[in-house]
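K.L.:
My questions all concern the structure below.
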Amino acid sequence: MHPGRNNLPVVTGKPLDIGGSHGRHEATARGCLFAAQRALARRLVPGLERLTGARVAVQGFGNAGAIAAQLFQEAGAKIVAVSDSQGGIHKQTGLDLAEVVVHKARTGSVVGTPNTRTIGNEELLALECDVLIPAALENQIRGDNAAAVRARLICEAANGPTTPAADRLLFERGIPVVPDILANSGGVCVSYFEWVQNIENEQWDLEEVNHKLQGKMERATDTVIDKQAEINQKGNPPIDLRTAALIVAIERVSNVALERGIWP
């Protein structure tokens, strides 16, 4: 519709050959990894400051879940369970993800991967693990099953996997939830990077994209954790990380509106 102009920034998530960004495909999962690593480094989980040796369960084995499982494993974690729409698999000593990927490509599901135990999605959510990554549908952790969750940290790679009732129960039990608005924002961050690259007629290499993404995710995670601590230290009713993230977002919008005054 506008020939002769630079229209590349109009759409993100493009193939590399027409202005796409390196790292976009795995950005959601990688952002989740960076957020989880930062949360652990900030001692949200007592006695667990890094992913090395951590037991991780992933609900969902699509783009976000499968890539997250691989990235968390590369970071030193042990992936003990994954699931898809057909069911899940569990192996206490850690799954062979390469074998899982091959089996799913051949059969259409992770269920039945050799040397694994078949489990249901509800059992996966209730497994004893260090990090639980809901990377499937919304409303998976609810008021009726939150009491069964035994993870020490939840990092939401899906949109809306935890209901408000479950949030309250998990917070009361001392299980921190890194909320979706933070944990799965890596995809839109790299889409923004793609937009910037298109405007500047540049294409950054993968290392630069990932470096910038890590910086953004770590700063955002720090900001949310610090906001939670600030509110809770003032004698207010204690808040969870999701509420802290929303407070940060609303404050940023309101501050800009006040600074700009009446002008649009």
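Starting from 1 in every chain, residues are counted up; chains themselves are A, B, ... following the order of the structure tokens, and ligands are numbered from 1 as listed.
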Near A:Gly120, within 10 Å and counting only C-alpha atoms, which residues show up once chain neighbours fewer than 4 positions away are dropped, as a short mmCIF file (atom, residue, chain, number, x, y, z; two decimals) with N, CA and C atoms, in the first residue's frame?

P.N.:
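The new file part_38.cif reads:
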data_model
loop_
_atom_site.label_atom_id
_atom_site.label_comp_id
_atom_site.auth_asym_id
_atom_site.auth_seq_id
_atom_site.Cartn_x
_atom_site.Cartn_y
_atom_site.Cartn_z
N SER A 83 4.71 -32.06 29.63
CA SER A 83 3.41 -32.57 29.21
C SER A 83 2.94 -31.82 27.98
N ASP A 84 1.97 -32.42 27.28
CA ASP A 84 1.28 -31.75 26.18
C ASP A 84 -0.20 -32.04 26.33
N SER A 85 -0.98 -31.79 25.30
CA SER A 85 -2.43 -31.95 25.40
C SER A 85 -2.86 -33.40 25.60
N GLN A 86 -1.98 -34.35 25.31
CA GLN A 86 -2.31 -35.77 25.45
C GLN A 86 -1.95 -36.34 26.82
N GLY A 87 -1.16 -35.60 27.59
CA GLY A 87 -0.72 -36.10 28.89
C GLY A 87 0.73 -35.73 29.14
N GLY A 88 1.30 -36.32 30.18
CA GLY A 88 2.66 -35.95 30.53
C GLY A 88 3.54 -37.15 30.80
N ILE A 89 4.83 -36.86 30.98
CA ILE A 89 5.81 -37.90 31.32
C ILE A 89 6.68 -37.39 32.46
N HIS A 90 7.17 -38.33 33.25
CA HIS A 90 7.96 -37.99 34.43
C HIS A 90 9.14 -38.94 34.54
N VAL A 111 3.82 -38.45 25.41
CA VAL A 111 3.40 -39.64 26.14
C VAL A 111 3.94 -40.89 25.46
N LEU A 124 1.33 -33.58 37.12
CA LEU A 124 2.51 -32.78 36.83
C LEU A 124 2.51 -31.51 37.68
N LEU A 125 1.36 -30.85 37.76
CA LEU A 125 1.28 -29.61 38.53
C LEU A 125 1.55 -29.84 40.01
#

K.L.:
Give me, as CSV, each residue of stretch 73-181 of chain A that comes within 10 Å of stretch 13-33 of chain A, together with its shortest interatomic pair and the distance in Å at one decimal, counting only C-alpha atoms, with rows ordered by chain and rising residue number.

P.N.:
residue,atom,partner,partner_atom,distance
A:Ala75,CA,A:Leu33,CA,8.5
A:Ile133,CA,A:Cys32,CA,8.8
A:Ala135,CA,A:Ala29,CA,9.1
A:Cys155,CA,A:Cys32,CA,7.0
A:Glu156,CA,A:Cys32,CA,7.6
A:Ala157,CA,A:Cys32,CA,6.3
A:Ala158,CA,A:Thr28,CA,9.4
A:Val178,CA,A:Cys32,CA,9.1
A:Asp180,CA,A:Cys32,CA,9.0

K.L.:
Considering only C-alpha atoms, state which residue in the set A:Thr163, A:Ala136, A:Val131, A:Ile141 is at the smallest distance from A:Leu44.

P.N.:
A:Val131

K.L.:
Could you please determine the separation between atom CA of A:Gln92 and atom CA of A:Leu132 in Å, to one decimal place?

P.N.:
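A separation of 14.3 Å between them.
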